[in-house]
Each structure stands twice: as C-alpha cells, then as structure tokens.
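As stored in entry_6.pdb (PDB, C-alpha atoms):
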ATOM      1  CA  MET A   1     -69.644 -54.859   2.261
ATOM      2  CA  GLU A   2     -68.370 -52.404   4.855
ATOM      3  CA  ILE A   3     -68.108 -48.657   5.389
ATOM      4  CA  LYS A   4     -65.335 -46.981   7.378
ATOM      5  CA  GLY A   5     -66.248 -45.410  10.692
ATOM      6  CA  THR A   6     -65.081 -41.983   9.525
ATOM      7  CA  ALA A   7     -67.761 -42.053   6.811
ATOM      8  CA  VAL A   8     -70.391 -43.229   9.290
ATOM      9  CA  LYS A   9     -69.363 -40.589  11.829
ATOM     10  CA  SER A  10     -69.994 -37.778   9.362
ATOM     11  CA  ILE A  11     -73.717 -38.667   9.204
ATOM     12  CA  PRO A  12     -74.635 -37.769  12.809
ATOM     13  CA  GLU A  13     -72.228 -34.809  12.611
ATOM     14  CA  PHE A  14     -74.149 -33.555   9.566
ATOM     15  CA  VAL A  15     -77.501 -33.925  11.323
ATOM     16  CA  GLY A  16     -76.134 -32.347  14.510
ATOM     17  CA  GLN A  17     -74.747 -29.312  12.675
ATOM     18  CA  LYS A  18     -77.482 -28.755  10.106
ATOM     19  CA  TYR A  19     -80.600 -30.030  11.911
ATOM     20  CA  ALA A  20     -79.689 -29.913  15.611
ATOM     21  CA  SER A  21     -83.273 -29.469  16.790
ATOM     22  CA  GLU A  22     -84.276 -32.616  14.858
ATOM     23  CA  TYR A  23     -81.347 -34.819  15.920
ATOM     24  CA  VAL A  24     -83.330 -36.899  18.434
ATOM     25  CA  ARG A  25     -86.176 -37.405  15.967
ATOM     26  CA  TRP A  26     -83.668 -38.592  13.331
ATOM     27  CA  MET A  27     -81.993 -40.988  15.811
ATOM     28  CA  ASN A  28     -85.366 -42.378  16.873
ATOM     29  CA  SER A  29     -86.298 -42.993  13.221
ATOM     30  CA  LEU A  30     -83.304 -45.281  12.646
ATOM     31  CA  PRO A  31     -83.538 -49.071  12.654
ATOM     32  CA  GLU A  32     -82.196 -50.481  15.941
ATOM     33  CA  ALA A  33     -79.006 -51.865  14.323
ATOM     34  CA  SER A  34     -78.209 -48.465  12.786
ATOM     35  CA  LYS A  35     -78.913 -46.664  16.038
ATOM     36  CA  LYS A  36     -76.441 -48.924  17.888
ATOM     37  CA  ILE A  37     -73.718 -48.152  15.352
ATOM     38  CA  ILE A  38     -74.349 -44.383  15.390
ATOM     39  CA  GLU A  39     -74.355 -44.254  19.206
ATOM     40  CA  SER A  40     -70.912 -45.843  19.499
ATOM     41  CA  VAL A  41     -69.234 -45.254  16.126
ATOM     42  CA  ASN A  42     -65.443 -45.419  16.144
ATOM     43  CA  ALA A  43     -63.766 -43.690  13.199
ATOM     44  CA  ALA A  44     -61.138 -46.443  12.920
ATOM     45  CA  ASN A  45     -63.594 -49.349  12.715
ATOM     46  CA  TRP A  46     -65.517 -50.832   9.805
ATOM     47  CA  TYR A  47     -69.300 -51.298   9.867
ATOM     48  CA  PRO A  48     -71.897 -53.046   7.696
ATOM     49  CA  LEU A  49     -72.688 -50.768   4.754
ATOM     50  CA  LEU A  50     -76.465 -51.092   4.970
ATOM     51  CA  THR A  51     -76.905 -50.419   8.695
ATOM     52  CA  GLY A  52     -73.949 -48.059   9.102
ATOM     53  CA  GLY A  53     -74.292 -45.952   5.969
ATOM     54  CA  VAL A  54     -77.295 -46.561   3.748
ATOM     55  CA  GLU A  55     -80.129 -46.617   6.316
ATOM     56  CA  PRO A  56     -78.989 -43.543   8.304
ATOM     57  CA  THR A  57     -78.501 -41.625   5.044
ATOM     58  CA  LYS A  58     -81.938 -42.617   3.752
ATOM     59  CA  LYS A  59     -83.470 -41.281   6.963
ATOM     60  CA  VAL A  60     -81.675 -37.962   6.396
ATOM     61  CA  GLY A  61     -83.348 -37.740   2.981
ATOM     62  CA  GLU A  62     -86.740 -38.749   4.336
ATOM     63  CA  LEU A  63     -86.734 -36.309   7.232
ATOM     64  CA  PHE A  64     -84.825 -33.276   5.937
ATOM     65  CA  PHE A  65     -85.149 -33.380   2.130
ATOM     66  CA  ASN A  66     -88.849 -34.116   1.667
ATOM     67  CA  GLY A  67     -88.258 -37.821   1.178
ATOM     68  CA  ASP A  68     -85.530 -37.269  -1.430
ATOM     69  CA  TYR A  69     -82.820 -39.689  -0.293
ATOM     70  CA  LYS A  70     -80.693 -38.819  -3.358
ATOM     71  CA  LYS A  71     -80.563 -35.134  -2.363
ATOM     72  CA  GLY A  72     -79.869 -36.084   1.256
ATOM     73  CA  ALA A  73     -77.041 -38.404   0.195
ATOM     74  CA  TRP A  74     -75.593 -35.750  -2.125
ATOM     75  CA  GLU A  75     -75.570 -33.139   0.678
ATOM     76  CA  LEU A  76     -74.022 -35.643   3.080
ATOM     77  CA  GLY A  77     -71.282 -36.293   0.523
ATOM     78  CA  ARG A  78     -70.581 -32.576   0.263
ATOM     79  CA  PHE A  79     -70.421 -32.305   4.041
ATOM     80  CA  SER A  80     -68.082 -35.300   4.200
ATOM     81  CA  ALA A  81     -65.740 -33.644   1.696
ATOM     82  CA  ASP A  82     -65.623 -30.538   3.879
ATOM     83  CA  ILE A  83     -64.645 -32.690   6.853
ATOM     84  CA  SER A  84     -62.120 -34.888   5.055
ATOM     85  CA  LEU A  85     -60.512 -32.125   3.003
ATOM     86  CA  ASN A  86     -59.707 -29.706   5.803
ATOM     87  CA  GLY A  87     -56.470 -28.502   7.384
ATOM     88  CA  ILE A  88     -53.364 -29.439   5.416
ATOM     89  CA  TYR A  89     -55.477 -31.383   2.927
ATOM     90  CA  LYS A  90     -57.436 -28.235   2.095
ATOM     91  CA  LEU A  91     -54.199 -26.502   1.059
ATOM     92  CA  TYR A  92     -53.232 -29.518  -1.026
ATOM     93  CA  VAL A  93     -56.631 -29.505  -2.734
ATOM     94  CA  LYS A  94     -56.442 -25.771  -3.459
ATOM     95  CA  PHE A  95     -53.003 -26.007  -5.078
ATOM     96  CA  ALA A  96     -53.332 -29.287  -6.984
ATOM     97  CA  SER A  97     -55.134 -29.447 -10.312
ATOM     98  CA  PRO A  98     -58.808 -30.456 -10.171
ATOM     99  CA  GLY A  99     -58.154 -33.445 -12.410
ATOM    100  CA  HIS A 100     -55.411 -34.633 -10.093
ATOM    101  CA  ILE A 101     -57.658 -34.286  -7.051
ATOM    102  CA  ILE A 102     -60.505 -36.239  -8.615
ATOM    103  CA  SER A 103     -58.204 -38.920  -9.993
ATOM    104  CA  ARG A 104     -56.887 -39.329  -6.422
ATOM    105  CA  ALA A 105     -60.474 -39.822  -5.283
ATOM    106  CA  SER A 106     -60.222 -43.346  -6.626
ATOM    107  CA  ARG A 107     -57.625 -44.101  -3.929
ATOM    108  CA  ILE A 108     -59.564 -42.256  -1.249
ATOM    109  CA  PHE A 109     -62.694 -44.232  -2.143
ATOM    110  CA  ALA A 110     -61.108 -47.567  -1.152
ATOM    111  CA  ALA A 111     -60.322 -46.128   2.283
ATOM    112  CA  TYR A 112     -64.054 -45.647   2.954
ATOM    113  CA  TYR A 113     -65.710 -48.660   1.329
ATOM    114  CA  MET A 114     -64.471 -52.257   1.460
ATOM    115  CA  PRO A 115     -64.218 -54.068  -0.858
ATOM    116  CA  SER A 116     -64.389 -51.526  -3.639
ATOM    117  CA  LYS A 117     -62.553 -50.397  -6.705
ATOM    118  CA  MET A 118     -62.681 -47.099  -8.547
ATOM    119  CA  GLU A 119     -60.377 -45.773 -11.225
ATOM    120  CA  ALA A 120     -59.943 -42.518 -13.099
ATOM    121  CA  ALA A 121     -60.358 -42.588 -16.869
ATOM    122  CA  GLU A 122     -60.421 -40.073 -19.700
ATOM    123  CA  LEU A 123     -58.558 -37.378 -17.774
ATOM    124  CA  ARG A 124     -58.833 -34.126 -19.742
ATOM    125  CA  PRO A 125     -58.035 -30.509 -18.794
ATOM    126  CA  ASN A 126     -61.608 -29.847 -17.654
ATOM    127  CA  SER A 127     -63.070 -33.277 -17.045
ATOM    128  CA  VAL A 128     -62.441 -36.754 -15.722
ATOM    129  CA  LYS A 129     -64.496 -39.908 -15.460
ATOM    130  CA  LEU A 130     -64.413 -42.016 -12.338
ATOM    131  CA  ILE A 131     -65.439 -45.602 -12.893
ATOM    132  CA  MET A 132     -66.513 -47.842 -10.027
ATOM    133  CA  THR A 133     -66.209 -51.470 -11.057
ATOM    134  CA  GLU A 134     -66.324 -53.243  -7.721
ATOM    135  CA  PHE A 135     -68.908 -52.654  -5.032
ATOM    136  CA  ASP A 136     -70.486 -55.781  -3.534
ATOM    137  CA  GLN A 137     -73.696 -54.080  -2.387
ATOM    138  CA  PRO A 138     -74.577 -51.489  -5.025
ATOM    139  CA  SER A 139     -76.525 -48.581  -3.596
ATOM    140  CA  GLU A 140     -77.879 -45.415  -5.189
ATOM    141  CA  VAL A 141     -77.589 -43.807  -1.768
ATOM    142  CA  ILE A 142     -73.831 -44.374  -1.708
ATOM    143  CA  GLU A 143     -73.441 -43.388  -5.372
ATOM    144  CA  TYR A 144     -75.131 -40.047  -4.701
ATOM    145  CA  ARG A 145     -73.057 -39.529  -1.579
ATOM    146  CA  ILE A 146     -69.887 -40.065  -3.637
ATOM    147  CA  ALA A 147     -71.158 -37.657  -6.322
ATOM    148  CA  GLY A 148     -71.753 -34.973  -3.689
ATOM    149  CA  TRP A 149     -68.250 -35.539  -2.315
ATOM    150  CA  ILE A 150     -66.764 -35.134  -5.803
ATOM    151  CA  GLU A 151     -68.714 -31.921  -6.418
ATOM    152  CA  ARG A 152     -67.586 -30.343  -3.145
ATOM    153  CA  ALA A 153     -63.955 -31.461  -3.640
ATOM    154  CA  LEU A 154     -63.972 -29.696  -7.014
ATOM    155  CA  GLU A 155     -65.446 -26.563  -5.416
ATOM    156  CA  ILE A 156     -62.747 -26.596  -2.723
ATOM    157  CA  SER A 157     -60.105 -26.866  -5.434
ATOM    158  CA  GLY A 158     -61.479 -23.642  -6.954
ATOM    159  CA  CYS A 159     -63.507 -24.982  -9.864
ATOM    160  CA  LYS A 160     -66.542 -23.192 -11.263
ATOM    161  CA  GLY A 161     -69.270 -24.474 -13.545
ATOM    162  CA  ILE A 162     -69.067 -27.948 -12.004
ATOM    163  CA  GLU A 163     -71.180 -30.773 -13.321
ATOM    164  CA  VAL A 164     -71.187 -34.231 -11.747
ATOM    165  CA  LYS A 165     -73.380 -36.841 -13.409
ATOM    166  CA  ILE A 166     -73.919 -40.513 -12.715
ATOM    167  CA  THR A 167     -74.297 -41.928 -16.234
ATOM    168  CA  GLU A 168     -74.159 -45.643 -15.405
ATOM    169  CA  SER A 169     -75.061 -47.277 -12.112
ATOM    170  CA  LEU A 170     -74.300 -50.634 -10.533
ATOM    171  CA  ALA A 171     -77.392 -50.064  -8.395
ATOM    172  CA  LYS A 172     -79.505 -49.875 -11.564
ATOM    173  CA  GLY A 173     -78.033 -53.058 -13.030
ATOM    174  CA  ASN A 174     -75.148 -51.674 -15.098
ATOM    175  CA  LYS A 175     -71.772 -53.410 -14.965
ATOM    176  CA  ARG A 176     -70.190 -50.307 -13.441
ATOM    177  CA  THR A 177     -70.973 -46.905 -12.005
ATOM    178  CA  VAL A 178     -69.639 -43.970 -14.009
ATOM    179  CA  PHE A 179     -69.248 -40.505 -12.532
ATOM    180  CA  GLU A 180     -68.727 -37.960 -15.322
ATOM    181  CA  ASN A 181     -67.169 -34.841 -13.835
ATOM    182  CA  SER A 182     -66.541 -31.581 -15.633
ATOM    183  CA  TRP A 183     -65.719 -27.978 -14.748
ATOM    184  CA  LYS A 184     -64.843 -24.686 -16.413
TER     185      LYS A 184
END
For this file, produce the structure as structure tokens.
Amino acid sequence: MEIKGTAVKSIPEFVGQKYASEYVRWMNSLPEASKKIIESVNAANWYPLLTGGVEPTKKVGELFFNGDYKKGAWELGRFSADISLNGIYKLYVKFASPGHIISRASRIFAAYYMPSKMEAAELRPNSVKLIMTEFDQPSEVIEYRIAGWIERALEISGCKGIEVKITESLAKGNKRTVFENSWK
C-alpha cells in the first residue's frame, strides 16, 4: 500500500506551520525509515503507507495532541484540504454543491492512496455517504485523516452544521469504511 508524496509532504508542512518550535523534536521522534522519507519527499513519488503516512501522523498526535493520534490525523486532514483545495480549486469548491464536492472526493482519494477504492452513495441534498471498499493496509490514522479532509472541504464549500462520522471501519474489522457526512 502506498501514499502519494503530496499527502506525505503536507505532514512536515503542518508541523512546520503549526508547531515550528517543535519541528526538530517531531523529526527526531520518527522511525529512521520515516525520517528518510520526510527529509527527501517528492510530491510526485509514491511511498510506503506505514512509514510515509501512518507513523509520521501518529507522532503528530503523540506530541501535539496529548497522545490522541485520531485528533492529530483529523487536523492533518483538514490542513491537507486547505493545501489541496486552494487557488482555482478553491473557487470550484465554493461554487459547486457540497454533495458534488464530496462525491468527487472518491476520485481524489485514489490519487493519494494506491491501491484504493472509494465511492459515493446515498447522495441527498444535505448528506452523502462515502464508502471505502478497498484499502490493503487499513488504518484508523488514515481514516481519521480522510474524515478531517472531508470536514474541511465541506467548510470551504460554505457548509454549516457539518457532521462527519466514521460508522464502519476496515481498520476495526468491518468489510468497508463508511464516512457519513451531513450539513445544514
């Protein structure tokens, strides 16, 4: 299972922007394989999911969110949405319907994680389910990062009263991961 360099690159950018004075401590806390990836990450390349994405994200949770890797992953996902949905994409997100944006997330998802499969289901005026059915190395860390990305994408599109819930999880042994997303 691999993660795209653009997704990896957002992790040290997050730490550098939000916790600049702790950047060196975070880097030094990483396993050697993760540190090597972070030090030379290329946005166009693919990296092992565990060492490139999961371990660095877990360390963010441990160091900056009182050991709560889920909260750290969620905040990293939000940050990643800000980075990926900027410029011309930000205009697109603001003018497209929230349901359309989130249903497109299923296509975006495959550009960051390989191999993976996510599809939109039950698209309603104020809600949509995203269902992840393929992910070779299930990880709660990655699921929470995706949930944070969804939440921030909905905020950028102008939604209020957003709720993003993970109701089934491959990482917890379910046959799929379900993200239930709603807004007012």
| field | Non-local contacts of region 31-44 of chain A (6 Å; only C-alpha atoms; under 4 positions in same chain excluded) as a PyMOL selection string | value | chain A and resi 5-6+51-52
- Query: Near Ala153 (chain A), counting only C-alpha atoms, which residues have an atom at most 8 Å away, once you skip same-chain residues fewer than 5 positions from it, shown as a PyMOL selection string?
  - Reply: chain A and resi 78+81-82+85+93+101-102
Residues as selected, C-alpha atoms, written as a compact mmCIF listing (two decimals), in the coordinates of the input, can you do that?
# COMPACT_ATOMS: atom_id res chain seq x y z
CA ARG A 78 -70.58 -32.58 0.26
CA ALA A 81 -65.74 -33.64 1.70
CA ASP A 82 -65.62 -30.54 3.88
CA LEU A 85 -60.51 -32.12 3.00
CA VAL A 93 -56.63 -29.50 -2.73
CA ILE A 101 -57.66 -34.29 -7.05
CA ILE A 102 -60.50 -36.24 -8.62
- Query: Hey, can you check how far CA of Leu130 (chain A) sits from CA of Ala73 (chain A)?
  - Reply: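 Between CA of Leu130 (chain A) and CA of Ala73 (chain A) the gap is 18.2 Å.
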Report, in Å to a single decimal, how far apart CA of Glu75 (chain A) and CA of Arg145 (chain A) are.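 According to the coordinates, CA of Arg145 (chain A) and CA of Glu75 (chain A) are separated by 7.2 Å.
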Which protein, DNA or RNA residues are at most 9 Å from (-75.3, -49.0, 4.1) in the file's coordinates when you count all atoms listed in the file, listed as a ChimeraX atom specification?
/A:1-3,47-57,137,139,141-142
_Point-to-point distance from CA of Met132 (chain A) to CA of Val178 (chain A), Å rounded to tenths_ =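 Answer for the CA of Met132 (chain A) to CA of Val178 (chain A) separation: 6.4 Å.
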Of the listed residues A:Asn126, A:Ser157, A:Ser116, A:Thr133, that which approaches Ser169 (chain A) most closely, counting only C-alpha atoms: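 When distances to Ser169 (chain A) are compared using only C-alpha atoms, the smallest one comes from A:Thr133.
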Arg152 (chain A) proximity check over A:Tyr19, A:Trp26, A:Phe64, A:Trp183, using only C-alpha atoms: winner is A:Trp183
Nearest to Thr177 (chain A), restricted to all atoms listed in the file and choosing among A:Glu119, A:Val128, A:Gly161, A:Gly16, comes out as A:Glu119
Listed atoms of region 29-42 of chain A boxed along x, y and z, 8 Å each side, centre and edge lengths in Å, one decimal, as lines of an AutoDock Vina configuration file:
center_x = -75.9
center_y = -47.4
center_z = 16.1
size_x = 36.9
size_y = 24.9
size_z = 22.9
Quiz item: Given the choices A:Lys18, A:Leu123, A:Trp74, A:Phe79, which gets closest to Ile166 (chain A) if the distance is worked out from only C-alpha atoms?
Solution: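 That would be A:Trp74, the residue with the smallest distance to Ile166 (chain A).
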Taking all atoms listed in the file into account, which of A:Phe14, A:Pro98, A:Ala120, A:Ser127 comes nearest Val60 (chain A)?
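With all atoms listed in the file as the atom set, the closest residue is A:Phe14.
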Judged by all atoms listed in the file, the minimum distance to Ile131 (chain A) among A:Leu63, A:Leu170, A:Leu154, A:Met114 is found for A:Leu170
